[in-house]
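**Student:** For reference, the file model_30.pdb (PDB, C-alpha atoms) is included below:
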```pdb
ATOM      1  CA  MET A   1     292.691  48.908 112.491
ATOM      2  CA  LYS A   2     293.337  45.215 112.225
ATOM      3  CA  ALA A   3     291.479  42.064 113.250
ATOM      4  CA  LYS A   4     293.310  38.762 113.252
ATOM      5  CA  LEU A   5     291.798  35.405 114.166
ATOM      6  CA  LEU A   6     294.487  34.055 116.494
ATOM      7  CA  SER A   7     292.876  30.730 117.263
ATOM      8  CA  TYR A   8     289.597  28.834 117.081
ATOM      9  CA  THR A   9     288.069  25.486 117.980
ATOM     10  CA  PRO A  10     287.974  23.610 114.680
ATOM     11  CA  LEU A  11     284.676  22.168 113.501
ATOM     12  CA  ALA A  12     285.957  19.005 111.785
ATOM     13  CA  PRO A  13     287.131  16.995 114.841
ATOM     14  CA  LEU A  14     283.922  17.828 116.621
ATOM     15  CA  LYS A  15     281.809  16.545 113.735
ATOM     16  CA  GLU A  16     283.868  13.387 113.672
ATOM     17  CA  ALA A  17     283.662  12.779 117.427
ATOM     18  CA  THR A  18     279.928  13.420 117.721
ATOM     19  CA  GLY A  19     278.575  12.263 114.377
ATOM     20  CA  VAL A  20     276.633  15.548 114.281
ATOM     21  CA  LEU A  21     276.850  16.941 110.774
ATOM     22  CA  ASP A  22     274.729  20.071 111.205
ATOM     23  CA  ALA A  23     277.241  22.801 112.029
ATOM     24  CA  ARG A  24     274.467  24.989 113.530
ATOM     25  CA  ILE A  25     274.080  22.525 116.425
ATOM     26  CA  LEU A  26     277.812  22.581 117.125
ATOM     27  CA  LEU A  27     278.250  26.345 116.708
ATOM     28  CA  PRO A  28     277.654  27.351 120.366
ATOM     29  CA  HIS A  29     280.428  24.924 121.357
ATOM     30  CA  LEU A  30     283.056  26.511 119.113
ATOM     31  CA  GLY A  31     285.258  29.400 120.278
ATOM     32  CA  TYR A  32     286.899  32.140 118.195
ATOM     33  CA  THR A  33     289.645  34.385 119.572
ATOM     34  CA  PHE A  34     290.531  37.585 117.700
ATOM     35  CA  ALA A  35     293.287  40.119 118.199
ATOM     36  CA  VAL A  36     291.547  43.454 117.642
ATOM     37  CA  GLU A  37     294.129  46.173 117.181
ATOM     38  CA  ARG A  38     294.258  49.947 116.926
ATOM     39  CA  ILE A  39     290.578  50.711 117.299
ATOM     40  CA  SER A  40     289.309  53.756 119.177
ATOM     41  CA  ARG A  41     288.112  53.582 122.754
ATOM     42  CA  ALA A  42     284.732  54.669 121.334
ATOM     43  CA  CYS A  43     284.685  51.448 119.310
ATOM     44  CA  SER A  44     285.790  49.262 122.221
ATOM     45  CA  HIS A  45     282.905  50.685 124.289
ATOM     46  CA  GLN A  46     280.525  49.373 121.625
ATOM     47  CA  LEU A  47     282.302  46.012 121.497
ATOM     48  CA  VAL A  48     281.933  45.285 125.193
ATOM     49  CA  ARG A  49     278.170  45.631 124.909
ATOM     50  CA  HIS A  50     278.339  42.120 123.472
ATOM     51  CA  ARG A  51     278.239  40.675 126.958
ATOM     52  CA  VAL A  52     278.629  37.013 126.056
ATOM     53  CA  ALA A  53     282.128  37.637 124.698
ATOM     54  CA  SER A  54     285.335  37.707 126.753
ATOM     55  CA  PHE A  55     287.716  40.648 126.539
ATOM     56  CA  SER A  56     291.282  41.421 127.620
ATOM     57  CA  GLN A  57     292.060  45.037 126.787
ATOM     58  CA  GLN A  58     295.216  47.132 127.005
ATOM     59  CA  SER A  59     294.924  48.929 130.314
ATOM     60  CA  GLN A  60     295.479  52.681 130.562
ATOM     61  CA  ARG A  61     296.133  52.087 134.262
ATOM     62  CA  TYR A  62     299.368  50.290 133.405
ATOM     63  CA  ILE A  63     300.379  51.384 129.896
ATOM     64  CA  THR A  64     301.679  54.934 129.530
ATOM     65  CA  VAL A  65     300.160  56.710 126.541
ATOM     66  CA  ARG A  66     302.939  58.285 124.471
ATOM     67  CA  ARG A  67     302.634  60.381 121.309
ATOM     68  CA  LEU A  68     298.846  60.566 121.574
ATOM     69  CA  GLN A  69     298.595  62.478 118.268
ATOM     70  CA  GLU A  70     299.939  59.408 116.451
ATOM     71  CA  ARG A  71     297.708  57.040 118.419
ATOM     72  CA  VAL A  72     294.201  58.271 117.769
ATOM     73  CA  VAL A  73     291.500  57.179 115.342
ATOM     74  CA  THR A  74     290.179  60.104 113.304
ATOM     75  CA  PRO A  75     286.679  59.645 111.852
ATOM     76  CA  PRO A  76     286.527  60.284 108.061
ATOM     77  CA  SER A  77     283.784  62.883 108.619
ATOM     78  CA  VAL A  78     286.141  64.850 110.884
ATOM     79  CA  GLU A  79     288.963  64.588 108.296
ATOM     80  CA  LYS A  80     286.577  65.791 105.631
ATOM     81  CA  ALA A  81     285.604  68.791 107.724
ATOM     82  CA  GLY A  82     289.247  69.809 107.990
ATOM     83  CA  GLY A  83     289.945  68.280 111.382
ATOM     84  CA  ASP A  84     291.982  71.202 112.780
ATOM     85  CA  GLU A  85     289.959  71.538 116.001
ATOM     86  CA  PHE A  86     290.133  67.788 116.503
ATOM     87  CA  LYS A  87     293.915  67.728 116.057
ATOM     88  CA  GLU A  88     294.351  70.698 118.357
ATOM     89  CA  LEU A  89     292.261  69.137 121.116
ATOM     90  CA  VAL A  90     294.102  65.811 120.821
ATOM     91  CA  LYS A  91     297.423  67.666 121.036
ATOM     92  CA  GLU A  92     296.271  69.531 124.153
ATOM     93  CA  ALA A  93     294.929  66.353 125.751
ATOM     94  CA  GLY A  94     298.214  64.522 125.104
ATOM     95  CA  GLU A  95     300.217  67.382 126.595
ATOM     96  CA  ALA A  96     297.939  67.661 129.636
ATOM     97  CA  TYR A  97     298.202  63.894 130.201
ATOM     98  CA  GLN A  98     301.986  64.047 130.053
ATOM     99  CA  ARG A  99     302.154  67.014 132.430
ATOM    100  CA  LEU A 100     299.982  65.180 134.958
ATOM    101  CA  VAL A 101     302.094  62.012 134.734
ATOM    102  CA  ASP A 102     305.279  64.106 135.094
ATOM    103  CA  ARG A 103     303.810  65.660 138.258
ATOM    104  CA  GLY A 104     303.334  62.220 139.754
ATOM    105  CA  VAL A 105     299.620  61.752 139.069
ATOM    106  CA  PRO A 106     298.987  58.001 138.667
ATOM    107  CA  LYS A 107     298.327  56.911 135.072
ATOM    108  CA  GLU A 108     294.920  55.632 136.156
ATOM    109  CA  ASP A 109     293.957  59.232 137.026
ATOM    110  CA  ALA A 110     295.869  61.123 134.321
ATOM    111  CA  ARG A 111     294.018  59.086 131.681
ATOM    112  CA  PHE A 112     290.807  60.932 132.525
ATOM    113  CA  VAL A 113     291.878  63.658 130.086
ATOM    114  CA  LEU A 114     292.321  61.219 127.182
ATOM    115  CA  PRO A 115     289.733  61.290 124.360
ATOM    116  CA  ASN A 116     287.450  58.548 123.051
ATOM    117  CA  ALA A 117     289.598  58.685 119.907
ATOM    118  CA  ALA A 118     292.599  57.180 121.767
ATOM    119  CA  GLU A 119     293.691  53.882 120.226
ATOM    120  CA  THR A 120     293.335  50.618 122.075
ATOM    121  CA  SER A 121     293.901  46.943 121.327
ATOM    122  CA  LEU A 122     292.344  43.873 122.856
ATOM    123  CA  LEU A 123     291.755  40.175 122.721
ATOM    124  CA  MET A 124     288.150  39.112 122.124
ATOM    125  CA  THR A 125     286.684  35.600 122.295
ATOM    126  CA  MET A 126     283.172  34.615 121.231
ATOM    127  CA  ASP A 127     281.376  31.344 120.664
ATOM    128  CA  GLY A 128     280.274  30.644 117.097
ATOM    129  CA  ARG A 129     276.604  31.488 117.604
ATOM    130  CA  SER A 130     277.415  34.799 119.281
ATOM    131  CA  LEU A 131     279.870  35.622 116.514
ATOM    132  CA  LEU A 132     277.171  35.083 113.875
ATOM    133  CA  HIS A 133     274.878  37.392 115.889
ATOM    134  CA  PHE A 134     277.626  40.022 116.253
ATOM    135  CA  LEU A 135     278.271  39.954 112.495
ATOM    136  CA  GLY A 136     274.535  40.103 111.748
ATOM    137  CA  LEU A 137     274.187  43.314 113.760
ATOM    138  CA  ARG A 138     277.477  45.046 113.134
ATOM    139  CA  LEU A 139     277.779  44.458 109.385
ATOM    140  CA  CYS A 140     274.425  46.163 108.895
ATOM    141  CA  ASN A 141     274.516  49.437 106.941
ATOM    142  CA  ARG A 142     273.031  51.082 110.030
ATOM    143  CA  ALA A 143     275.991  50.120 112.240
ATOM    144  CA  GLN A 144     278.561  52.793 113.104
ATOM    145  CA  TRP A 145     281.391  52.954 110.534
ATOM    146  CA  GLU A 146     284.298  51.863 112.750
ATOM    147  CA  ILE A 147     282.705  48.779 114.287
ATOM    148  CA  ARG A 148     281.316  47.869 110.835
ATOM    149  CA  ALA A 149     284.818  48.018 109.360
ATOM    150  CA  LEU A 150     286.046  45.853 112.236
ATOM    151  CA  ALA A 151     283.222  43.332 111.711
ATOM    152  CA  ASP A 152     284.146  43.225 107.999
ATOM    153  CA  GLU A 153     287.747  42.270 108.872
ATOM    154  CA  MET A 154     286.546  39.662 111.350
ATOM    155  CA  LEU A 155     284.203  38.142 108.775
ATOM    156  CA  GLY A 156     287.094  37.851 106.294
ATOM    157  CA  GLU A 157     289.191  36.022 108.890
ATOM    158  CA  ALA A 158     286.332  33.729 109.929
ATOM    159  CA  ARG A 159     285.501  32.843 106.308
ATOM    160  CA  LYS A 160     289.136  31.925 105.647
ATOM    161  CA  ALA A 161     289.178  29.657 108.728
ATOM    162  CA  GLU A 162     285.745  27.990 108.544
ATOM    163  CA  PRO A 163     284.069  28.738 105.189
ATOM    164  CA  GLU A 164     281.437  26.069 105.822
ATOM    165  CA  VAL A 165     280.085  28.098 108.722
ATOM    166  CA  PHE A 166     280.907  31.687 107.868
ATOM    167  CA  ASN A 167     280.079  31.843 104.169
ATOM    168  CA  ALA A 168     276.535  32.096 105.506
ATOM    169  CA  ALA A 169     277.546  34.979 107.797
ATOM    170  CA  GLY A 170     276.960  38.616 106.963
ATOM    171  CA  PRO A 171     274.537  41.364 107.974
ATOM    172  CA  TYR A 172     271.187  40.015 109.158
ATOM    173  CA  CYS A 173     269.542  40.772 105.804
ATOM    174  CA  TYR A 174     272.087  38.427 104.181
ATOM    175  CA  GLN A 175     271.668  35.745 106.872
ATOM    176  CA  LEU A 176     267.860  35.868 107.011
ATOM    177  CA  GLY A 177     266.834  36.838 103.508
ATOM    178  CA  TYR A 178     264.892  39.838 104.825
ATOM    179  CA  CYS A 179     265.731  43.033 106.709
ATOM    180  CA  PRO A 180     264.782  42.821 110.415
ATOM    181  CA  GLU A 181     265.275  46.581 110.978
ATOM    182  CA  GLY A 182     261.628  47.414 110.218
ATOM    183  CA  ARG A 183     261.038  51.122 109.641
ATOM    184  CA  PHE A 184     264.738  51.798 110.227
ATOM    185  CA  THR A 185     265.758  49.751 107.174
ATOM    186  CA  CYS A 186     268.431  51.309 104.978
ATOM    187  CA  GLY A 187     266.465  50.212 101.918
ATOM    188  CA  ARG A 188     269.601  48.830 100.269
ATOM    189  CA  MET A 189     269.227  45.147 101.080
ATOM    190  CA  ARG A 190     270.031  43.925  97.547
ATOM    191  CA  GLU A 191     273.325  45.855  97.573
ATOM    192  CA  ALA A 192     274.233  44.444 101.022
ATOM    193  CA  VAL A 193     273.381  40.875 100.046
ATOM    194  CA  ASP A 194     275.454  41.158  96.855
ATOM    195  CA  ARG A 195     278.399  42.542  98.802
ATOM    196  CA  TYR A 196     278.517  39.581 101.180
ATOM    197  CA  LYS A 197     277.683  36.809  98.729
ATOM    198  CA  ALA A 198     280.373  34.144  99.260
TER     199      ALA A 198
ATOM    200  CA  MET B   1     279.519  10.162 134.504
ATOM    201  CA  ARG B   2     282.165   9.642 131.867
ATOM    202  CA  ILE B   3     283.818  12.578 130.135
ATOM    203  CA  GLU B   4     286.205  12.778 127.215
ATOM    204  CA  LEU B   5     287.793  15.954 125.857
ATOM    205  CA  VAL B   6     287.196  15.801 122.089
ATOM    206  CA  ALA B   7     288.239  19.273 120.869
ATOM    207  CA  HIS B   8     289.797  22.447 122.175
ATOM    208  CA  THR B   9     291.307  25.723 121.089
ATOM    209  CA  PRO B  10     294.855  24.981 119.901
ATOM    210  CA  ASP B  11     297.861  26.527 121.694
ATOM    211  CA  LEU B  12     295.631  27.246 124.615
ATOM    212  CA  GLU B  13     298.270  28.390 127.094
ATOM    213  CA  ALA B  14     299.755  30.751 124.508
ATOM    214  CA  LEU B  15     296.395  32.553 124.443
ATOM    215  CA  VAL B  16     296.303  32.715 128.243
ATOM    216  CA  ALA B  17     299.769  34.308 128.142
ATOM    217  CA  VAL B  18     298.750  36.760 125.383
ATOM    218  CA  SER B  19     295.743  37.754 127.447
ATOM    219  CA  MET B  20     297.870  38.287 130.566
ATOM    220  CA  LEU B  21     300.420  40.411 128.697
ATOM    221  CA  THR B  22     297.924  42.401 126.604
ATOM    222  CA  THR B  23     296.581  44.276 129.614
ATOM    223  CA  THR B  24     299.978  45.580 130.701
ATOM    224  CA  SER B  25     302.089  45.617 127.522
ATOM    225  CA  GLY B  26     302.140  48.243 124.802
ATOM    226  CA  ALA B  27     302.758  45.509 122.190
ATOM    227  CA  GLN B  28     299.913  44.432 119.937
ATOM    228  CA  PRO B  29     298.195  41.126 120.866
ATOM    229  CA  SER B  30     299.003  39.510 117.485
ATOM    230  CA  THR B  31     302.692  40.414 117.944
ATOM    231  CA  LEU B  32     302.676  38.959 121.451
ATOM    232  CA  HIS B  33     301.040  35.800 120.076
ATOM    233  CA  GLU B  34     303.696  35.356 117.362
ATOM    234  CA  ARG B  35     306.536  35.932 119.835
ATOM    235  CA  LEU B  36     305.094  33.511 122.371
ATOM    236  CA  LEU B  37     304.440  30.714 119.871
ATOM    237  CA  ALA B  38     308.120  30.903 118.966
ATOM    238  CA  ASN B  39     309.132  30.613 122.616
ATOM    239  CA  PRO B  40     307.265  27.875 124.554
ATOM    240  CA  GLU B  41     309.424  28.404 127.669
ATOM    241  CA  ARG B  42     308.231  31.988 127.881
ATOM    242  CA  ILE B  43     304.618  30.776 127.690
ATOM    243  CA  HIS B  44     305.266  28.481 130.643
ATOM    244  CA  ASP B  45     306.976  31.311 132.584
ATOM    245  CA  VAL B  46     304.125  33.747 132.025
ATOM    246  CA  VAL B  47     301.329  31.270 132.727
ATOM    247  CA  SER B  48     303.106  30.050 135.886
ATOM    248  CA  ARG B  49     302.684  33.553 137.315
ATOM    249  CA  LEU B  50     298.924  33.437 136.861
ATOM    250  CA  GLU B  51     296.794  34.047 139.908
ATOM    251  CA  VAL B  52     293.713  31.945 139.242
ATOM    252  CA  GLN B  53     291.401  34.495 140.843
ATOM    253  CA  HIS B  54     292.169  36.812 137.892
ATOM    254  CA  GLY B  55     289.938  34.517 135.907
ATOM    255  CA  ASN B  56     289.136  36.557 132.821
ATOM    256  CA  VAL B  57     292.454  35.649 131.185
ATOM    257  CA  LEU B  58     291.289  32.020 131.307
ATOM    258  CA  GLU B  59     288.286  32.793 129.088
ATOM    259  CA  HIS B  60     289.999  33.034 125.680
ATOM    260  CA  ASN B  61     289.533  29.392 124.768
ATOM    261  CA  ARG B  62     286.866  26.752 124.317
ATOM    262  CA  LEU B  63     287.040  23.113 125.328
ATOM    263  CA  VAL B  64     284.496  20.527 124.217
ATOM    264  CA  TRP B  65     283.760  17.211 125.923
ATOM    265  CA  LEU B  66     281.621  14.206 125.126
ATOM    266  CA  VAL B  67     279.761  13.277 128.280
ATOM    267  CA  GLU B  68     277.947  10.048 129.093
ATOM    268  CA  ALA B  69     275.526  10.751 131.903
ATOM    269  CA  THR B  70     271.912  10.537 132.985
ATOM    270  CA  GLY B  71     269.658  13.570 132.694
ATOM    271  CA  ASP B  72     269.715  14.017 136.491
ATOM    272  CA  GLU B  73     273.517  14.024 136.589
ATOM    273  CA  VAL B  74     273.649  16.694 133.889
ATOM    274  CA  LEU B  75     270.971  18.729 135.656
ATOM    275  CA  ASP B  76     273.059  18.679 138.856
ATOM    276  CA  VAL B  77     276.041  20.130 136.982
ATOM    277  CA  MET B  78     273.873  22.728 135.247
ATOM    278  CA  LEU B  79     272.454  23.866 138.578
ATOM    279  CA  ASP B  80     275.961  24.184 140.002
ATOM    280  CA  THR B  81     277.385  26.241 137.149
ATOM    281  CA  ARG B  82     275.805  28.385 134.484
ATOM    282  CA  VAL B  83     278.912  28.593 132.348
ATOM    283  CA  LEU B  84     279.124  25.029 131.063
ATOM    284  CA  LEU B  85     276.967  24.569 127.988
ATOM    285  CA  PHE B  86     275.201  21.277 127.207
ATOM    286  CA  THR B  87     273.612  19.869 124.055
ATOM    287  CA  ARG B  88     271.842  16.510 124.182
ATOM    288  CA  LEU B  89     273.088  14.262 121.386
ATOM    289  CA  ASP B  90     271.149  11.039 121.973
ATOM    290  CA  GLY B  91     270.080   8.962 124.976
ATOM    291  CA  GLY B  92     272.757   9.421 127.617
ATOM    292  CA  ARG B  93     275.269  11.198 125.353
ATOM    293  CA  TRP B  94     275.844  14.937 125.702
ATOM    294  CA  LEU B  95     278.129  17.537 124.250
ATOM    295  CA  MET B  96     279.483  19.889 126.909
ATOM    296  CA  SER B  97     281.694  22.945 126.428
ATOM    297  CA  GLY B  98     283.204  25.727 128.452
ATOM    298  CA  ASN B  99     286.449  27.540 129.032
ATOM    299  CA  LEU B 100     289.296  27.123 131.509
ATOM    300  CA  ARG B 101     287.730  29.629 133.877
ATOM    301  CA  ALA B 102     284.591  27.500 134.084
ATOM    302  CA  ILE B 103     286.702  24.465 134.965
ATOM    303  CA  ALA B 104     288.796  26.355 137.532
ATOM    304  CA  GLU B 105     285.770  27.810 139.308
ATOM    305  CA  TYR B 106     283.845  24.550 139.236
ATOM    306  CA  ALA B 107     286.796  22.583 140.625
ATOM    307  CA  GLU B 108     287.266  25.134 143.418
ATOM    308  CA  GLN B 109     283.622  24.774 144.488
ATOM    309  CA  LYS B 110     283.092  21.046 144.042
ATOM    310  CA  ASP B 111     285.110  18.121 145.296
ATOM    311  CA  THR B 112     283.531  15.459 143.115
ATOM    312  CA  GLU B 113     284.773  12.802 140.731
ATOM    313  CA  PHE B 114     283.307  14.832 137.872
ATOM    314  CA  ALA B 115     285.208  17.973 138.944
ATOM    315  CA  ARG B 116     288.463  16.035 139.258
ATOM    316  CA  GLY B 117     287.817  14.434 135.861
ATOM    317  CA  LEU B 118     287.320  17.871 134.312
ATOM    318  CA  VAL B 119     290.611  19.131 135.702
ATOM    319  CA  ASP B 120     292.498  16.018 134.605
ATOM    320  CA  SER B 121     291.034  16.195 131.107
ATOM    321  CA  VAL B 122     293.023  19.382 130.388
ATOM    322  CA  LYS B 123     296.379  17.902 131.401
ATOM    323  CA  ASP B 124     297.689  17.745 127.824
ATOM    324  CA  ALA B 125     295.908  20.830 126.477
ATOM    325  CA  ALA B 126     297.015  23.140 129.312
ATOM    326  CA  PRO B 127     299.753  21.425 131.372
ATOM    327  CA  THR B 128     300.857  24.455 133.418
ATOM    328  CA  ILE B 129     297.303  25.424 134.334
ATOM    329  CA  HIS B 130     296.444  21.791 135.050
ATOM    330  CA  ALA B 131     299.334  21.577 137.528
ATOM    331  CA  SER B 132     298.233  24.820 139.173
ATOM    332  CA  LEU B 133     294.624  23.617 139.478
ATOM    333  CA  ARG B 134     295.768  20.298 140.938
ATOM    334  CA  ARG B 135     297.807  22.147 143.576
ATOM    335  CA  ARG B 136     294.818  24.308 144.519
ATOM    336  CA  THR B 137     292.143  21.651 144.486
ATOM    337  CA  GLY B 138     294.192  18.751 145.811
TER     338      GLY B 138
END
```
Show this structure as structure tokens.
**Tutor:**
Amino acid sequence: MKAKLLSYTPLAPLKEATGVLDARILLPHLGYTFAVERISRACSHQLVRHRVASFSQQSQRYITVRRLQERVVTPPSVEKAGGDEFKELVKEAGEAYQRLVDRGVPKEDARFVLPNAAETSLLMTMDGRSLLHFLGLRLCNRAQWEIRALADEMLGEARKAEPEVFNAAGPYCYQLGYCPEGRFTCGRMREAVDRYKA
Amino acid sequence: MRIELVAHTPDLEALVAVSMLTTTSGAQPSTLHERLLANPERIHDVVSRLEVQHGNVLEHNRLVWLVEATGDEVLDVMLDTRVLLFTRLDGGRWLMSGNLRAIAEYAEQKDTEFARGLVDSVKDAAPTIHASLRRRTG
């Protein structure tokens, strides 16, 4: 998995042009475009729930999936449990896909046998306020491991680009100073806050 | 209404091209981006093929304008499009932002001085797309 900030609307010229010094006011007007690479389709399904973002994703209608076994994301829990069934099913799915394509089935139909573990890459653009919200939710200890790892990479990129804005970014407990998860709290707020301290 | 483009995503057309190629290419988006930045002619070639109705590839950018306008003028624009964002700065000064798709769709719907001003404001930031929008909107 990799997240790279390809481009963003810089804050400095906007401050200069408007005379507005509070970055929070300008945040909704700033755009951040990331290349998100080699995540699972399961993870991309979670990503697109952030409806205010824009996405351009590799299309399985047009791109032929080759060597599926080398292009899947394997959860650590599956690895830990041995992972033989998982590997076997991925192998069978890859072979079935190839047989269907060889028989002339369009890629857009053959892909129905592909697993959620299949890798995908995409371009994702968010405004600054939505990005802070995304990081607040997805860096939380309660977030699923893959999207949390992705959010971690994105935070690193954003902090390098605009530390003034994103040093304050992190899971919501870090941003707010309290945990908004109520009875679902992980109970490890101090640890999370220390981890993201800029 | 007076508008002035004050900030935008750099290398804007390169991102449009990356977006177009990502959906159909097996290459990683960051690799496509590096290759395209090294080859401006290729960016122009790819973006020239863009059909504007495939608007989502025009969303990977943000443009920000300073607008001088009355509250009623801004309200008219806000009622016409929900995808341009406004912040009131002071008196008749506003900050407005959106992406190229917002501009393209607005210019297709509205034949106003404001719409033409929006399109012309991206001439330097996105010359190929500007030329295409000018052809379509007259």
**Student:** Applied to the shown file, which residues does the PyMOL selection byres ((chain B) within 6 of (chain A)) return, written as an MDAnalysis selection string?
**Tutor:** chainID B and resid 8:9 19 22:24 29:30 60 62 97
**Student:** Can those selected residues be exported to a file as an mmCIF file, in the frame of the given file so that it contains C-alpha atoms?
**Tutor:**
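Contents of again_38.cif, as written:
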```
data_model
loop_
_atom_site.group_PDB
_atom_site.id
_atom_site.type_symbol
_atom_site.label_atom_id
_atom_site.label_comp_id
_atom_site.auth_asym_id
_atom_site.auth_seq_id
_atom_site.Cartn_x
_atom_site.Cartn_y
_atom_site.Cartn_z
ATOM 1 C CA HIS B 8 289.797 22.447 122.175
ATOM 2 C CA THR B 9 291.307 25.723 121.089
ATOM 3 C CA SER B 19 295.743 37.754 127.447
ATOM 4 C CA THR B 22 297.924 42.401 126.604
ATOM 5 C CA THR B 23 296.581 44.276 129.614
ATOM 6 C CA THR B 24 299.978 45.580 130.701
ATOM 7 C CA PRO B 29 298.195 41.126 120.866
ATOM 8 C CA SER B 30 299.003 39.510 117.485
ATOM 9 C CA HIS B 60 289.999 33.034 125.680
ATOM 10 C CA ARG B 62 286.866 26.752 124.317
ATOM 11 C CA SER B 97 281.694 22.945 126.428
#
```
**Student:** Between B:Leu66, B:Met1, B:Glu13, B:His33, which is the closest to Lys123 in chain B once you count all atoms listed in the file?
**Tutor:** B:Glu13
**Student:** Using the chain letters and numbers from the file, give me the residues hit by the PyMOL selection byres ((chain B and resi 55) around 12), as number ranges by chain.
**Tutor:** A: 54-56; B: 16, 19-20, 50-54, 56-60, 99-105, 129
**Student:** What is the CA of Ser121 in chain B-CA of Leu95 in chain B distance in Å, reported with one decimal?
**Tutor:**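 Computing the Euclidean distance for CA of Ser121 in chain B and CA of Leu95 in chain B yields 14.7 Å.
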**Student:** So what does the PyMOL selection byres ((chain A and resi 161-174) around 9) actually pick up in this one, as number ranges by chain?
**Tutor:** A: 5, 8, 10-11, 23-24, 27, 128, 132-141, 152, 155-160, 175-181, 189-190, 192-194, 196-198
**Student:** Interatomic distance between CA of Val52 in chain A and CA of Leu131 in chain A?
**Tutor:**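 Taking CA of Val52 in chain A as the start and CA of Leu131 in chain A as the end point, the length is 9.7 Å.
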**Student:** What lies within 12 Å of Ala131 in chain B using all atoms listed in the file, ignoring chain neighbours under 2 positions off, as number ranges by chain?
**Tutor:** B: 44, 47-48, 50, 52, 104, 119-129, 133-138
**Student:** Counting all atoms listed in the file, what is within 8 Å of Ala69 in chain B, bar same-chain residues fewer than 6 positions away, as an mmCIF file with C-alpha atoms, keeping the file's coordinate frame?
**Tutor:**
```cif
data_model
loop_
_atom_site.group_PDB
_atom_site.id
_atom_site.type_symbol
_atom_site.label_atom_id
_atom_site.label_comp_id
_atom_site.auth_asym_id
_atom_site.auth_seq_id
_atom_site.Cartn_x
_atom_site.Cartn_y
_atom_site.Cartn_z
ATOM 1 C CA MET B 1 279.519 10.162 134.504
ATOM 2 C CA ARG B 2 282.165 9.642 131.867
ATOM 3 C CA GLY B 92 272.757 9.421 127.617
ATOM 4 C CA ARG B 93 275.269 11.198 125.353
ATOM 5 C CA TRP B 94 275.844 14.937 125.702
#
```
**Student:** Restricting the calculation to all atoms listed in the file, which member of B:Val46, B:Val18, B:Leu79, B:Leu89 is positioned closest to Glu34 in chain B?
**Tutor:** B:Val18
**Student:** So how far away is CA of Leu68 in chain A from CA of Leu89 in chain A, in Å?
**Tutor:**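 It comes out at 10.8 Å.
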**Student:** Pick out the closest residue to Leu75 in chain B from this set: B:Leu63, B:Arg88, B:Gln28, B:Arg49. Count only C-alpha atoms.
**Tutor:**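 For Leu75 in chain B, the nearest of the candidates is B:Arg88.
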**Student:** Considering all atoms listed in the file, can you say which of B:Leu84, B:Ala107, B:Ala14, B:Met96 comes closest to Glu68 in chain B?
**Tutor:** B:Met96
**Student:** Which residue is closest to Lys87 in chain A? Choose from A:Gly182, A:Ala117, A:Leu100, A:Asp109 and count only C-alpha atoms.
**Tutor:**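 With only C-alpha atoms as the atom set, the closest residue is A:Ala117.
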**Student:** Can you complete the atoms of range 18-29 of chain A to N, CA and C atoms and list them as a PDB file, in the frame of the given file?
**Tutor:**
```
ATOM      1  N   THR A  18     281.335  13.473 117.294  1.00  0.00           N
ATOM      2  CA  THR A  18     279.928  13.420 117.721  1.00  0.00           C
ATOM      3  C   THR A  18     279.023  12.764 116.689  1.00  0.00           C
ATOM      4  N   GLY A  19     279.453  12.750 115.438  1.00  0.00           N
ATOM      5  CA  GLY A  19     278.575  12.263 114.377  1.00  0.00           C
ATOM      6  C   GLY A  19     277.515  13.286 113.994  1.00  0.00           C
ATOM      7  N   VAL A  20     277.581  14.475 114.610  1.00  0.00           N
ATOM      8  CA  VAL A  20     276.633  15.548 114.281  1.00  0.00           C
ATOM      9  C   VAL A  20     277.152  16.289 113.053  1.00  0.00           C
ATOM     10  N   LEU A  21     276.374  16.313 112.002  1.00  0.00           N
ATOM     11  CA  LEU A  21     276.850  16.941 110.774  1.00  0.00           C
ATOM     12  C   LEU A  21     276.351  18.371 110.601  1.00  0.00           C
ATOM     13  N   ASP A  22     275.284  18.726 111.328  1.00  0.00           N
ATOM     14  CA  ASP A  22     274.729  20.071 111.205  1.00  0.00           C
ATOM     15  C   ASP A  22     275.569  21.045 112.037  1.00  0.00           C
ATOM     16  N   ALA A  23     276.326  21.884 111.341  1.00  0.00           N
ATOM     17  CA  ALA A  23     277.241  22.801 112.029  1.00  0.00           C
ATOM     18  C   ALA A  23     276.498  23.741 112.978  1.00  0.00           C
ATOM     19  N   ARG A  24     275.204  24.036 112.678  1.00  0.00           N
ATOM     20  CA  ARG A  24     274.467  24.989 113.530  1.00  0.00           C
ATOM     21  C   ARG A  24     274.301  24.460 114.952  1.00  0.00           C
ATOM     22  N   ILE A  25     274.222  23.117 115.083  1.00  0.00           N
ATOM     23  CA  ILE A  25     274.080  22.525 116.425  1.00  0.00           C
ATOM     24  C   ILE A  25     275.396  22.658 117.199  1.00  0.00           C
ATOM     25  N   LEU A  26     276.500  22.561 116.468  1.00  0.00           N
ATOM     26  CA  LEU A  26     277.812  22.581 117.125  1.00  0.00           C
ATOM     27  C   LEU A  26     278.317  24.010 117.383  1.00  0.00           C
ATOM     28  N   LEU A  27     277.749  24.964 116.678  1.00  0.00           N
ATOM     29  CA  LEU A  27     278.250  26.345 116.708  1.00  0.00           C
ATOM     30  C   LEU A  27     278.434  26.942 118.114  1.00  0.00           C
ATOM     31  N   PRO A  28     277.473  26.760 119.033  1.00  0.00           N
ATOM     32  CA  PRO A  28     277.654  27.351 120.366  1.00  0.00           C
ATOM     33  C   PRO A  28     278.833  26.745 121.126  1.00  0.00           C
ATOM     34  N   HIS A  29     279.323  25.588 120.660  1.00  0.00           N
ATOM     35  CA  HIS A  29     280.428  24.924 121.357  1.00  0.00           C
ATOM     36  C   HIS A  29     281.797  25.302 120.779  1.00  0.00           C
TER      37      HIS A  29
END
```
